[in-house]
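my_file_25.cif follows; it contains mmCIF, C-alpha atoms (C1' of nucleotides).
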```cif
data_entry
#
loop_
_atom_site.label_atom_id
_atom_site.label_comp_id
_atom_site.auth_asym_id
_atom_site.auth_seq_id
_atom_site.Cartn_x
_atom_site.Cartn_y
_atom_site.Cartn_z
CA MET A 91 34.79 -21.08 77.01
CA ALA A 92 32.73 -18.66 74.94
CA ILE A 93 32.44 -16.53 78.03
CA ARG A 94 36.15 -15.89 77.94
CA GLU A 95 35.83 -14.72 74.37
CA ARG A 96 33.03 -12.36 75.24
CA ARG A 97 35.08 -10.90 78.06
CA GLU A 98 38.05 -10.38 75.84
CA ARG A 99 35.83 -8.77 73.25
CA GLU A 100 34.35 -6.44 75.83
CA ARG A 101 37.81 -5.61 77.00
CA ALA A 102 38.91 -4.74 73.48
CA GLU A 103 35.83 -2.58 73.05
CA ARG A 104 36.65 -0.73 76.23
CA GLU A 105 40.18 -0.15 75.04
CA ARG A 106 38.85 1.34 71.85
CA ALA A 107 36.46 3.48 73.90
CA ILE A 108 39.39 4.88 75.84
CA ILE A 109 41.29 5.80 72.70
CA THR A 110 38.22 7.32 71.08
CA ALA A 111 37.33 9.31 74.16
CA ALA A 112 40.89 10.61 74.44
CA ARG A 113 40.94 11.67 70.80
CA ASP A 114 37.54 13.33 70.90
CA LEU A 115 38.27 15.13 74.13
CA ALA A 116 41.63 16.32 72.84
CA GLU A 117 40.17 17.52 69.57
CA SER A 118 37.33 19.41 71.21
CA GLU A 119 39.06 20.88 74.26
CA GLY A 120 42.77 20.29 73.79
CA TRP A 121 45.15 17.84 75.42
CA ASP A 122 45.20 19.83 78.65
CA ALA A 123 41.59 18.81 79.18
CA VAL A 124 42.44 15.14 78.81
CA THR A 125 43.00 14.06 82.40
CA THR A 126 42.79 10.53 83.64
CA ARG A 127 39.77 11.40 85.80
CA ARG A 128 37.95 13.03 82.94
CA LEU A 129 38.75 10.11 80.67
CA ALA A 130 37.53 7.62 83.24
CA ALA A 131 34.27 9.52 83.63
CA GLU A 132 33.83 9.58 79.87
CA ILE A 133 34.02 5.81 79.53
CA GLU A 134 32.00 5.37 82.76
CA TYR A 135 34.67 3.45 84.61
CA SER A 136 36.99 4.34 87.44
CA GLN A 137 40.48 5.69 86.92
CA PRO A 138 42.50 2.55 87.60
CA VAL A 139 40.96 0.62 84.71
CA LEU A 140 42.88 2.93 82.40
CA TYR A 141 46.07 1.51 83.84
CA SER A 142 44.98 -2.05 83.19
CA HIS A 143 44.89 -1.16 79.49
CA PHE A 144 47.76 1.30 79.17
CA LYS A 145 50.95 1.87 81.06
CA GLY A 146 50.09 5.50 81.64
CA LYS A 147 48.73 8.64 80.07
CA GLU A 148 51.55 8.84 77.56
CA ALA A 149 50.72 5.37 76.30
CA ILE A 150 47.12 6.45 75.71
CA MET A 151 48.32 9.45 73.73
CA ALA A 152 50.63 7.19 71.77
CA ALA A 153 47.68 4.94 70.89
CA VAL A 154 45.76 7.98 69.66
CA ALA A 155 48.78 9.02 67.62
CA VAL A 156 49.02 5.62 65.94
CA GLU A 157 45.45 5.97 64.72
CA GLY A 158 46.40 9.38 63.40
CA PHE A 159 49.24 8.00 61.30
CA ALA A 160 46.80 5.81 59.43
CA ASP A 161 44.55 8.78 58.73
CA LEU A 162 47.40 10.95 57.54
CA ALA A 163 48.76 8.24 55.26
CA ARG A 164 45.32 7.87 53.71
CA ASP A 165 45.01 11.62 53.10
CA LEU A 166 48.43 11.84 51.50
CA ALA A 167 47.81 8.83 49.29
CA ALA A 168 44.51 10.28 48.11
CA ALA A 169 46.08 13.63 47.30
CA ARG A 170 48.92 12.03 45.35
CA ALA A 171 46.59 9.77 43.41
CA ALA A 172 44.32 12.64 42.43
CA ALA A 173 47.13 14.88 41.18
CA ALA A 174 47.60 15.39 37.46
CA GLY A 175 51.38 15.40 37.21
CA GLU A 176 54.50 14.98 39.26
CA ARG A 177 54.91 18.64 40.11
CA GLN A 178 51.22 18.93 40.94
CA ALA A 179 51.55 15.87 43.14
CA VAL A 180 54.18 17.60 45.26
CA ALA A 181 51.93 20.63 45.71
CA ALA A 182 48.88 18.49 46.40
CA VAL A 183 50.60 16.36 49.00
CA ALA A 184 52.05 19.42 50.70
CA GLU A 185 48.60 20.94 50.81
CA ALA A 186 47.10 17.70 52.14
CA TYR A 187 49.74 17.49 54.85
CA THR A 188 49.25 21.02 56.17
CA SER A 189 45.51 20.72 55.80
CA PHE A 190 45.52 17.60 57.95
CA ALA A 191 47.47 19.41 60.65
CA GLU A 192 45.08 22.34 60.52
CA ARG A 193 41.96 20.22 60.67
CA ARG A 194 43.14 17.87 63.42
CA PRO A 195 45.53 19.92 65.52
CA ALA A 196 45.29 17.81 68.66
CA LEU A 197 45.85 14.62 66.71
CA TYR A 198 48.79 16.18 64.92
CA ASP A 199 50.32 17.24 68.23
CA ALA A 200 50.08 13.73 69.61
CA MET A 201 51.78 12.43 66.49
CA PHE A 202 54.59 14.91 66.11
CA THR A 203 55.06 17.55 68.76
CA LEU A 204 54.15 16.07 72.13
CA ARG A 205 56.66 13.79 73.73
CA VAL A 206 55.33 10.28 73.31
CA ASP A 207 58.00 7.64 73.09
CA LEU A 208 56.88 5.93 69.94
CA PRO A 209 59.56 3.84 68.27
CA PHE A 210 60.12 5.75 65.06
CA ALA A 211 63.16 4.22 63.46
CA SER A 212 62.70 0.89 65.24
CA PRO A 213 61.41 -2.15 63.35
CA ASP A 214 58.62 -2.72 65.88
CA ALA A 215 57.04 0.58 64.97
CA PRO A 216 53.29 0.53 64.26
CA ILE A 217 52.58 -0.47 60.71
CA ASP A 218 50.93 2.81 59.73
CA LEU A 219 53.80 4.91 60.93
CA PRO A 220 56.15 4.49 57.97
CA ARG A 221 53.30 4.48 55.47
CA GLY A 222 52.90 8.24 55.58
CA PHE A 223 56.62 8.68 55.12
CA ALA A 224 56.61 6.26 52.21
CA GLU A 225 53.82 8.27 50.62
CA LEU A 226 55.92 11.40 50.94
CA ALA A 227 58.95 9.61 49.53
CA GLU A 228 57.04 8.45 46.45
CA THR A 229 55.89 12.01 45.87
CA VAL A 230 59.41 13.37 46.23
CA ARG A 231 61.05 10.66 44.10
CA PRO A 232 60.65 12.38 40.74
CA ILE A 233 62.37 15.53 42.00
CA ALA A 234 65.20 13.81 43.83
CA ALA A 235 68.46 12.28 42.73
CA ALA A 236 68.67 8.54 43.37
CA ASP A 237 71.04 8.74 46.33
CA GLU A 238 69.29 11.62 48.07
CA LEU A 239 65.70 10.38 48.10
CA GLU A 240 65.49 9.62 51.79
CA ALA A 241 67.28 12.73 52.95
CA LEU A 242 65.27 14.96 50.64
CA THR A 243 62.03 13.40 51.81
CA GLU A 244 63.02 14.07 55.40
CA THR A 245 63.91 17.64 54.54
CA PHE A 246 60.64 18.22 52.73
CA TRP A 247 58.73 16.71 55.63
CA SER A 248 60.62 18.93 58.06
CA ALA A 249 59.74 22.03 56.08
CA LEU A 250 56.06 21.12 56.12
CA HIS A 251 56.23 20.32 59.80
CA GLY A 252 57.93 23.62 60.54
CA LEU A 253 55.35 25.60 58.58
CA VAL A 254 52.54 23.88 60.41
CA THR A 255 53.88 24.22 63.92
CA LEU A 256 55.05 27.81 63.63
CA MET A 257 51.74 28.83 62.14
CA ARG A 258 49.71 26.98 64.74
CA SER A 259 51.61 28.58 67.60
CA GLY A 260 50.99 32.06 66.21
CA ARG A 261 54.56 32.62 65.03
CA LEU A 262 53.47 32.88 61.39
CA ARG A 263 50.49 34.75 60.01
CA ARG A 264 47.92 32.29 58.78
CA ALA A 265 47.00 34.57 55.89
CA ASP A 266 50.29 34.00 54.06
CA HIS A 267 50.19 30.25 54.39
CA ALA A 268 49.32 29.48 50.76
CA ARG A 269 52.08 31.76 49.60
CA ARG A 270 54.69 30.09 51.76
CA LEU A 271 53.53 26.68 50.63
CA ALA A 272 53.80 27.71 46.98
CA LEU A 273 57.31 29.04 47.57
CA LEU A 274 58.37 25.84 49.26
CA VAL A 275 57.08 23.63 46.47
CA ASP A 276 58.63 25.96 43.93
CA ARG A 277 62.08 25.73 45.47
CA PHE A 278 61.94 22.00 45.96
CA THR A 279 60.86 21.34 42.39
CA CYS A 280 63.41 23.81 41.11
CA GLY A 281 65.76 21.85 38.91
CA THR A 282 63.10 19.61 37.37
CA MET B 133 65.30 58.35 98.92
CA ALA B 134 68.42 56.43 97.99
CA ILE B 135 67.03 53.56 100.03
CA ARG B 136 64.21 53.21 97.60
CA GLU B 137 66.71 52.95 94.80
CA ARG B 138 68.65 50.24 96.59
CA ARG B 139 65.46 48.26 97.14
CA GLU B 140 64.47 48.57 93.53
CA ARG B 141 67.95 47.50 92.53
CA GLU B 142 67.80 44.47 94.80
CA ARG B 143 64.42 43.64 93.40
CA ALA B 144 65.76 43.81 89.85
CA GLU B 145 68.66 41.58 90.83
CA ARG B 146 66.28 39.05 92.28
CA GLU B 147 64.23 39.09 89.10
CA ARG B 148 67.36 38.35 87.10
CA ALA B 149 68.23 35.58 89.55
CA ILE B 150 64.85 33.98 88.90
CA ILE B 151 65.31 34.07 85.14
CA THR B 152 68.86 32.76 85.38
CA ALA B 153 67.87 29.98 87.75
CA ALA B 154 65.00 28.97 85.48
CA ARG B 155 67.25 28.90 82.41
CA ASP B 156 70.05 26.97 84.13
CA LEU B 157 67.67 24.47 85.65
CA ALA B 158 65.89 23.96 82.35
CA GLU B 159 69.15 23.52 80.45
CA SER B 160 70.56 21.04 82.93
CA GLU B 161 67.47 19.00 83.78
CA GLY B 162 64.75 20.00 81.33
CA TRP B 163 61.68 22.16 81.75
CA ASP B 164 59.85 19.43 83.65
CA ALA B 165 62.29 19.93 86.51
CA VAL B 166 61.53 23.64 86.65
CA THR B 167 58.83 23.80 89.29
CA THR B 168 57.95 26.87 91.29
CA ARG B 169 59.10 25.19 94.50
CA ARG B 170 62.43 24.20 93.02
CA LEU B 171 62.90 27.66 91.58
CA ALA B 172 62.09 29.29 94.89
CA ALA B 173 64.61 27.07 96.67
CA GLU B 174 67.23 27.94 94.08
CA ILE B 175 66.96 31.68 94.68
CA GLU B 176 66.58 31.07 98.43
CA TYR B 177 63.17 32.69 98.74
CA SER B 178 59.71 31.29 99.23
CA GLN B 179 57.38 30.43 96.39
CA PRO B 180 55.08 33.47 96.50
CA VAL B 181 57.86 35.93 95.73
CA LEU B 182 57.95 34.48 92.23
CA TYR B 183 54.42 35.73 91.76
CA SER B 184 55.34 39.24 92.84
CA HIS B 185 57.73 39.34 89.87
CA PHE B 186 55.87 37.30 87.28
CA LYS B 187 52.25 36.54 86.63
CA GLY B 188 52.92 32.82 86.66
CA LYS B 189 55.22 30.09 85.49
CA GLU B 190 54.53 30.80 81.83
CA ALA B 191 55.63 34.40 82.29
CA ILE B 192 58.94 33.21 83.74
CA MET B 193 59.44 30.94 80.75
CA ALA B 194 58.60 33.82 78.45
CA ALA B 195 61.27 35.95 80.15
CA VAL B 196 63.80 33.18 79.61
CA ALA B 197 62.73 32.98 75.97
CA VAL B 198 63.27 36.70 75.45
CA GLU B 199 66.86 36.36 76.60
CA GLY B 200 67.21 33.52 74.15
CA PHE B 201 66.12 35.64 71.22
CA ALA B 202 68.98 38.02 71.86
CA ASP B 203 71.46 35.14 71.93
CA LEU B 204 70.12 33.60 68.76
CA ALA B 205 70.19 36.93 66.91
CA ARG B 206 73.81 37.39 67.93
CA ASP B 207 74.78 33.91 66.71
CA LEU B 208 73.07 34.41 63.37
CA ALA B 209 74.65 37.82 62.86
CA ALA B 210 78.10 36.45 63.60
CA ALA B 211 77.64 33.57 61.18
CA ARG B 212 76.45 35.86 58.42
CA ALA B 213 79.27 38.32 58.95
CA ALA B 214 81.91 35.61 58.85
CA ALA B 215 80.65 34.03 55.64
CA ALA B 216 82.57 34.55 52.41
CA GLY B 217 79.75 34.95 49.91
CA GLU B 218 76.00 35.11 49.69
CA ARG B 219 75.49 31.40 49.15
CA GLN B 220 77.92 30.56 51.91
CA ALA B 221 76.05 32.97 54.15
CA VAL B 222 72.85 30.99 53.71
CA ALA B 223 74.61 27.76 54.65
CA ALA B 224 76.43 29.37 57.55
CA VAL B 225 73.28 30.91 59.01
CA ALA B 226 71.38 27.65 58.61
CA GLU B 227 74.19 25.85 60.40
CA ALA B 228 74.28 28.49 63.15
CA TYR B 229 70.51 28.22 63.64
CA THR B 230 70.41 24.45 64.01
CA SER B 231 73.56 24.49 66.09
CA PHE B 232 71.95 26.94 68.49
CA ALA B 233 68.94 24.68 68.86
CA GLU B 234 71.17 21.67 69.47
CA ARG B 235 73.38 23.40 72.00
CA ARG B 236 70.56 25.05 73.96
CA PRO B 237 67.56 22.76 73.57
CA ALA B 238 65.66 23.95 76.62
CA LEU B 239 66.12 27.56 75.63
CA TYR B 240 65.01 26.80 72.10
CA ASP B 241 61.90 25.06 73.38
CA ALA B 242 60.93 28.05 75.47
CA MET B 243 61.36 30.27 72.43
CA PHE B 244 59.61 28.24 69.79
CA THR B 245 57.85 25.05 70.81
CA LEU B 246 56.41 25.51 74.28
CA ARG B 247 53.25 27.50 74.57
CA VAL B 248 54.24 30.88 75.95
CA ASP B 249 52.00 33.69 74.81
CA LEU B 250 54.67 36.06 73.57
CA PRO B 251 53.36 38.72 71.22
CA PHE B 252 55.06 37.76 67.98
CA ALA B 253 53.49 39.88 65.30
CA SER B 254 52.44 42.56 67.77
CA PRO B 255 54.32 45.89 67.91
CA ASP B 256 54.91 45.54 71.66
CA ALA B 257 57.03 42.46 71.11
CA PRO B 258 60.39 42.38 72.88
CA ILE B 259 63.04 44.21 70.89
CA ASP B 260 65.25 41.17 70.33
CA LEU B 261 62.46 39.08 68.97
CA PRO B 262 62.36 40.49 65.43
CA ARG B 263 66.14 40.89 65.30
CA GLY B 264 66.74 37.22 64.65
CA PHE B 265 64.12 37.23 61.94
CA ALA B 266 65.69 40.33 60.37
CA GLU B 267 69.02 38.56 60.35
CA LEU B 268 67.46 35.65 58.53
CA ALA B 269 65.77 38.00 56.08
CA GLU B 270 69.04 39.73 55.22
CA THR B 271 70.61 36.37 54.57
CA VAL B 272 67.76 35.29 52.37
CA ARG B 273 67.52 38.59 50.47
CA PRO B 274 70.03 37.75 47.73
CA ILE B 275 68.19 34.57 46.84
CA ALA B 276 64.68 36.02 46.93
CA ALA B 277 62.63 38.03 44.51
CA ALA B 278 61.74 41.48 45.82
CA ASP B 279 58.10 40.73 46.55
CA GLU B 280 58.68 37.38 48.19
CA LEU B 281 61.40 38.23 50.71
CA GLU B 282 59.24 37.99 53.81
CA ALA B 283 57.39 34.85 52.78
CA LEU B 284 60.60 33.12 51.69
CA THR B 285 62.30 34.04 54.95
CA GLU B 286 59.40 32.56 56.88
CA THR B 287 59.53 29.43 54.76
CA PHE B 288 63.27 29.05 55.24
CA TRP B 289 62.86 29.59 58.95
CA SER B 290 60.10 26.98 59.07
CA ALA B 291 62.28 24.43 57.33
CA LEU B 292 65.09 24.97 59.83
CA HIS B 293 62.63 24.79 62.69
CA GLY B 294 61.14 21.59 61.36
CA LEU B 295 64.53 19.95 60.94
CA VAL B 296 65.48 20.89 64.47
CA THR B 297 62.31 19.78 66.20
CA LEU B 298 61.90 16.49 64.34
CA MET B 299 65.51 15.60 64.98
CA ARG B 300 65.36 16.53 68.63
CA SER B 301 62.26 14.42 69.22
CA GLY B 302 63.90 11.40 67.65
CA ARG B 303 61.86 11.45 64.45
CA LEU B 304 64.96 12.05 62.31
CA ARG B 305 68.30 10.35 62.60
CA ARG B 306 70.87 12.78 63.87
CA ALA B 307 73.56 11.25 61.68
CA ASP B 308 72.03 12.58 58.47
CA HIS B 309 71.59 16.11 59.74
CA ALA B 310 74.40 17.72 57.74
CA ARG B 311 73.14 16.06 54.59
CA ARG B 312 69.59 17.35 55.07
CA LEU B 313 70.90 20.82 55.81
CA ALA B 314 72.99 20.80 52.64
CA LEU B 315 70.00 19.67 50.60
CA LEU B 316 67.85 22.42 52.06
CA VAL B 317 70.37 25.15 51.31
CA ASP B 318 70.89 23.71 47.87
CA ARG B 319 67.23 23.82 46.99
CA PHE B 320 66.69 27.28 48.39
CA THR B 321 69.66 28.75 46.53
CA CYS B 322 68.65 26.92 43.41
CA GLY B 323 67.96 29.60 40.82
CA THR B 324 70.78 31.89 41.86
"C1'" DC C 58 58.77 57.28 118.66
"C1'" DA C 59 54.00 55.65 117.16
"C1'" DG C 60 51.35 54.54 112.62
"C1'" DG C 61 51.06 52.53 108.49
"C1'" DA C 62 52.53 50.50 104.40
"C1'" DT C 63 55.43 46.97 102.47
"C1'" DC C 64 57.37 42.72 102.39
"C1'" DG C 65 57.97 37.76 102.49
"C1'" DC C 66 56.57 33.90 104.97
"C1'" DT C 67 53.49 29.70 106.41
"C1'" DA C 68 49.75 27.12 105.30
"C1'" DG C 69 46.51 25.60 102.32
"C1'" DC C 70 43.49 24.80 97.95
"C1'" DA C 71 42.21 22.38 93.91
"C1'" DG C 72 43.96 19.70 90.64
"C1'" DT C 73 47.41 16.24 88.41
"C1'" DG C 74 49.22 11.15 87.35
"C1'" DC C 75 49.39 7.01 89.50
"C1'" DT C 76 48.83 2.93 92.97
"C1'" DA C 77 47.83 -0.05 97.07
"C1'" DG C 78 44.28 -2.55 99.16
"C1'" DG C 79 40.00 -4.51 99.79
"C1'" DA C 80 35.21 -5.71 98.27
"C1'" DT C 81 32.55 -7.76 94.85
"C1'" DT C 82 31.65 -10.70 91.24
"C1'" DC C 83 32.47 -14.56 88.44
"C1'" DT C 84 34.66 -19.35 87.40
"C1'" DG C 85 35.35 -24.06 87.54
"C1'" DG C 86 35.82 -28.41 90.29
"C1'" DG C 87 33.70 -31.50 93.72
"C1'" DC D 270 24.25 -27.17 94.39
"C1'" DC D 271 28.13 -25.18 96.83
"C1'" DC D 272 32.28 -23.31 97.73
"C1'" DA D 273 37.50 -22.21 97.26
"C1'" DG D 274 40.10 -19.41 94.20
"C1'" DA D 275 40.73 -16.18 90.66
"C1'" DA D 276 39.66 -12.26 88.14
"C1'" DT D 277 37.80 -7.60 88.16
"C1'" DC D 278 36.94 -3.13 89.49
"C1'" DC D 279 36.40 0.62 92.89
"C1'" DT D 280 37.51 3.53 97.02
"C1'" DA D 281 40.90 5.95 99.13
"C1'" DG D 282 45.11 7.95 99.21
"C1'" DC D 283 50.08 9.43 97.93
"C1'" DA D 284 53.28 12.77 96.25
"C1'" DC D 285 53.40 16.27 93.39
"C1'" DT D 286 51.91 20.49 90.54
"C1'" DG D 287 50.72 25.85 90.02
"C1'" DC D 288 48.87 29.24 92.65
"C1'" DT D 289 46.83 32.26 96.62
"C1'" DA D 290 44.87 33.95 101.09
"C1'" DG D 291 46.20 35.86 105.22
"C1'" DC D 292 49.23 36.80 108.87
"C1'" DG D 293 53.75 38.72 111.24
"C1'" DA D 294 57.63 41.01 111.03
"C1'" DT D 295 60.15 44.68 109.21
"C1'" DC D 296 61.00 49.07 107.62
"C1'" DC D 297 59.97 53.92 106.19
"C1'" DT D 298 57.48 58.17 107.25
"C1'" DG D 299 55.49 61.97 109.74
#
```

Rewritten as structure tokens:
Amino acid sequence: MAIRERRERERAERERAIITAARDLAESEGWDAVTTRRLAAEIEYSQPVLYSHFKGKEAIMAAVAVEGFADLARDLAAARAAAAGERQAVAAVAEAYTSFAERRPALYDAMFTLRVDLPFASPDAPIDLPRGFAELAETVRPIAAADELEALTETFWSALHGLVTLMRSGRLRRADHARRLALLVDRFTCGT
Amino acid sequence: MAIRERRERERAERERAIITAARDLAESEGWDAVTTRRLAAEIEYSQPVLYSHFKGKEAIMAAVAVEGFADLARDLAAARAAAAGERQAVAAVAEAYTSFAERRPALYDAMFTLRVDLPFASPDAPIDLPRGFAELAETVRPIAAADELEALTETFWSALHGLVTLMRSGRLRRADHARRLALLVDRFTCGT
DNA sequence: CAGGATCGCTAGCAGTGCTAGGATTCTGGG
DNA sequence: CCCAGAATCCTAGCACTGCTAGCGATCCTG
């Protein structure tokens, strides 16, 4: 019965290969270049094997996104831990968030802008998904009233997300990014 | 030579018909349903005529977006004019912005989230494009220092955009929208 | 009324996500 | 050792996408 184990292991490896290939291809040439044929060629299998692992292309993108949530949570945690004070933590986390989106644009798109039906509010959401939000919430906590923590975190997140997406699509000049970020942090840490 | 004029007029009417059909179809069934074949059927012409008016599908979407900018600018101006004071104006404009995005999601997507290479910072941008931004800037002016007006306007805009997109994609619960909006306005009008 | 330009159509290309069906390989029992 | 049955994976193809070449008909001009 060890053969069965080997097969399952190989299958898991192939699944990882698909996700990795999709992420790499997306990051180097954009999501438009990620076609099922191209992906199949990359992992040196035929197209239909993709569908024995994932329901469809969107499911593959969702799997890539899930990996991204873990990365983002790690970045935010590191930034918060390294910050000197509470106000600095807000600025550092904001910087880490936008920096992540700038460095990994394709990954960020899969996570937040492209339509991939990931269960966000649902309890069966991937474990890493709420971790990034929790990291943001902990950062925001010192500047929020007790009953507004969640809503303020969501608002802060939205502002960061808006800055990132509008800048990436050419709607905002990249040169003024630091200035906008400083203004945002300034206004959010206003009363404290 | 009046015949030439009639032909040009008919041609202009057809171009408007294309834009209108694209907008209506997108608003009723989403942009995925807007295919060149479907569009051609809607205006009762064959596919290739679309390409004698527009360079491609993206150009049609861009034309729809331009119409949207005029609508949005009008909504924002009305909200600002109807507001009692400066602080109320900020809240009213924020509400008008998010309400526009909620009421006309497909139009909003064409304007801000889908990739349509409209010249944003360029001087040959459509006339209505900067009008909405100017409206926002006038609203923000009373709560901004002189040298930060533009950057603060962009930041405020980004926050609204982020709220709208994250909510529309299911990342934020719609129920808490008003609360987030109030928090945002509160923080931005903090020092004043 | 002929000549020529303009116009809008049919047909088709290359590419997309996805799937049905069969061939090939492997598995486990006699 | 052999062979039925199951698992696996590939070839071929479907319906659709945006877009374009090339042809006929139509209309204006001299």

Near chain C, meaning an atom within 12 Å, which residues of chain B appear when counting all atoms listed in the file? Write them as a PDB file with C-alpha atoms, in the coordinates of the input.
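Output below, filename selection12.pdb:
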```pdb
ATOM      1  CA  ARG B 136      64.210  53.210  97.600  1.00  0.00           C
ATOM      2  CA  ARG B 139      65.460  48.260  97.140  1.00  0.00           C
ATOM      3  CA  ARG B 143      64.420  43.640  93.400  1.00  0.00           C
ATOM      4  CA  GLU B 176      66.580  31.070  98.430  1.00  0.00           C
ATOM      5  CA  TYR B 177      63.170  32.690  98.740  1.00  0.00           C
ATOM      6  CA  SER B 178      59.710  31.290  99.230  1.00  0.00           C
ATOM      7  CA  GLN B 179      57.380  30.430  96.390  1.00  0.00           C
ATOM      8  CA  PRO B 180      55.080  33.470  96.500  1.00  0.00           C
ATOM      9  CA  VAL B 181      57.860  35.930  95.730  1.00  0.00           C
ATOM     10  CA  LEU B 182      57.950  34.480  92.230  1.00  0.00           C
ATOM     11  CA  TYR B 183      54.420  35.730  91.760  1.00  0.00           C
ATOM     12  CA  SER B 184      55.340  39.240  92.840  1.00  0.00           C
TER      13      SER B 184
END
```

For Ala242 of chain B: contacts at 7 Å, only C-alpha atoms (C1' of nucleotides), fewer than 5 positions along chain excluded, given as a VMD selection string: chain B and resid 193 to 194 197

Those residues you just picked out, can you put them in a file as a CSV table (one decimal), keeping the file's coordinate frame with C-alpha atoms?
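What ended up in result33.csv:
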```csv
chain,number,residue,atom,x,y,z
B,193,MET,CA,59.4,30.9,80.8
B,194,ALA,CA,58.6,33.8,78.4
B,197,ALA,CA,62.7,33.0,76.0
```

Expand the PyMOL selection byres ((chain A) within 9 of (chain B)) into the individual residues it matches in the shown file, reporting them as a PyMOL selection string. chain A and resi 202-205+207+209-211+238+241-242+244-256+259-263+266-267+269-271+273-274+277-281

When the PyMOL selection byres ((chain D) within 10 of (chain A)) is applied to the file above, which residues end up in the set, as a tab-separated table (two decimals) with C-alpha atoms (C1' of nucleotides), keeping the file's coordinate frame?
```
chain	number	residue	atom	x	y	z
D	277	DT	C1'	37.80	-7.60	88.16
D	278	DC	C1'	36.94	-3.13	89.49
D	279	DC	C1'	36.40	0.62	92.89
D	280	DT	C1'	37.51	3.53	97.02
```

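You can rank A:Ala191, A:Ala196, A:Ile217, A:Ala160 by their closest distance to Val124 of chain A using only C-alpha atoms, and at the top of that list sits A:Ala196.
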
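The two atoms in question, atom CA of Glu174 of chain B and atom CA of Asp156 of chain B, are spaced 10.4 Å apart.
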
Kindly provide, as a VMD selection string, the polymer residues lying within 12 Å of (64.8, 35.7, 76.6), counting only C-alpha atoms (C1' of nucleotides) and using the coordinates exactly as they appear in the file. chain B and resid 148 151 to 152 154 to 155 191 to 205 238 to 244 248 250 257 to 261

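Reported to one decimal place, the separation of atom CA of Ile133 of chain A from atom C1' of DA276 of chain D is 20.8 Å.
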
Step by step, gather every atom of segment 58-69 of chain C that the file lists, find the box along x, y and z that holds them, add 3 Å on each side, and finally give centre and edge lengths in Å to one decimal, as JSON.
```
{"center_x": 52.6, "center_y": 41.4, "center_z": 110.5, "size_x": 18.3, "size_y": 37.7, "size_z": 22.3}
```

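Straight-line separation from atom CA of Lys189 of chain B to atom CA of Arg258 of chain A: 21.7 Å.
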
Since the input has fewer atoms than a full residue there, write segment 210-222 of chain B out with N, CA and C atoms, as a PDB file, in the coordinates of the input.
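Writing done, so here's part-v5.pdb:
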```
ATOM      1  N   ALA B 210      76.681  36.811  63.684  1.00  0.00           N
ATOM      2  CA  ALA B 210      78.100  36.450  63.600  1.00  0.00           C
ATOM      3  C   ALA B 210      78.350  35.513  62.430  1.00  0.00           C
ATOM      4  N   ALA B 211      77.466  34.537  62.260  1.00  0.00           N
ATOM      5  CA  ALA B 211      77.640  33.570  61.180  1.00  0.00           C
ATOM      6  C   ALA B 211      77.554  34.254  59.821  1.00  0.00           C
ATOM      7  N   ARG B 212      76.614  35.171  59.698  1.00  0.00           N
ATOM      8  CA  ARG B 212      76.450  35.860  58.420  1.00  0.00           C
ATOM      9  C   ARG B 212      77.661  36.744  58.114  1.00  0.00           C
ATOM     10  N   ALA B 213      78.141  37.413  59.145  1.00  0.00           N
ATOM     11  CA  ALA B 213      79.270  38.320  58.950  1.00  0.00           C
ATOM     12  C   ALA B 213      80.535  37.567  58.553  1.00  0.00           C
ATOM     13  N   ALA B 214      80.686  36.363  59.091  1.00  0.00           N
ATOM     14  CA  ALA B 214      81.910  35.610  58.850  1.00  0.00           C
ATOM     15  C   ALA B 214      81.907  34.880  57.517  1.00  0.00           C
ATOM     16  N   ALA B 215      80.754  34.809  56.866  1.00  0.00           N
ATOM     17  CA  ALA B 215      80.650  34.030  55.640  1.00  0.00           C
ATOM     18  C   ALA B 215      81.290  34.766  54.469  1.00  0.00           C
ATOM     19  N   ALA B 216      81.828  33.977  53.531  1.00  0.00           N
ATOM     20  CA  ALA B 216      82.570  34.550  52.410  1.00  0.00           C
ATOM     21  C   ALA B 216      81.644  35.189  51.383  1.00  0.00           C
ATOM     22  N   GLY B 217      80.634  34.422  50.942  1.00  0.00           N
ATOM     23  CA  GLY B 217      79.750  34.950  49.910  1.00  0.00           C
ATOM     24  C   GLY B 217      78.303  34.812  50.303  1.00  0.00           C
ATOM     25  N   GLU B 218      77.428  35.134  49.372  1.00  0.00           N
ATOM     26  CA  GLU B 218      76.000  35.110  49.690  1.00  0.00           C
ATOM     27  C   GLU B 218      75.490  33.681  49.896  1.00  0.00           C
ATOM     28  N   ARG B 219      75.910  32.797  49.007  1.00  0.00           N
ATOM     29  CA  ARG B 219      75.490  31.400  49.150  1.00  0.00           C
ATOM     30  C   ARG B 219      76.052  30.782  50.419  1.00  0.00           C
ATOM     31  N   GLN B 220      77.300  31.071  50.689  1.00  0.00           N
ATOM     32  CA  GLN B 220      77.920  30.560  51.910  1.00  0.00           C
ATOM     33  C   GLN B 220      77.213  31.114  53.142  1.00  0.00           C
ATOM     34  N   ALA B 221      76.742  32.349  53.014  1.00  0.00           N
ATOM     35  CA  ALA B 221      76.050  32.970  54.150  1.00  0.00           C
ATOM     36  C   ALA B 221      74.789  32.182  54.498  1.00  0.00           C
ATOM     37  N   VAL B 222      74.066  31.764  53.472  1.00  0.00           N
ATOM     38  CA  VAL B 222      72.850  30.990  53.710  1.00  0.00           C
ATOM     39  C   VAL B 222      73.181  29.700  54.467  1.00  0.00           C
TER      40      VAL B 222
END
```
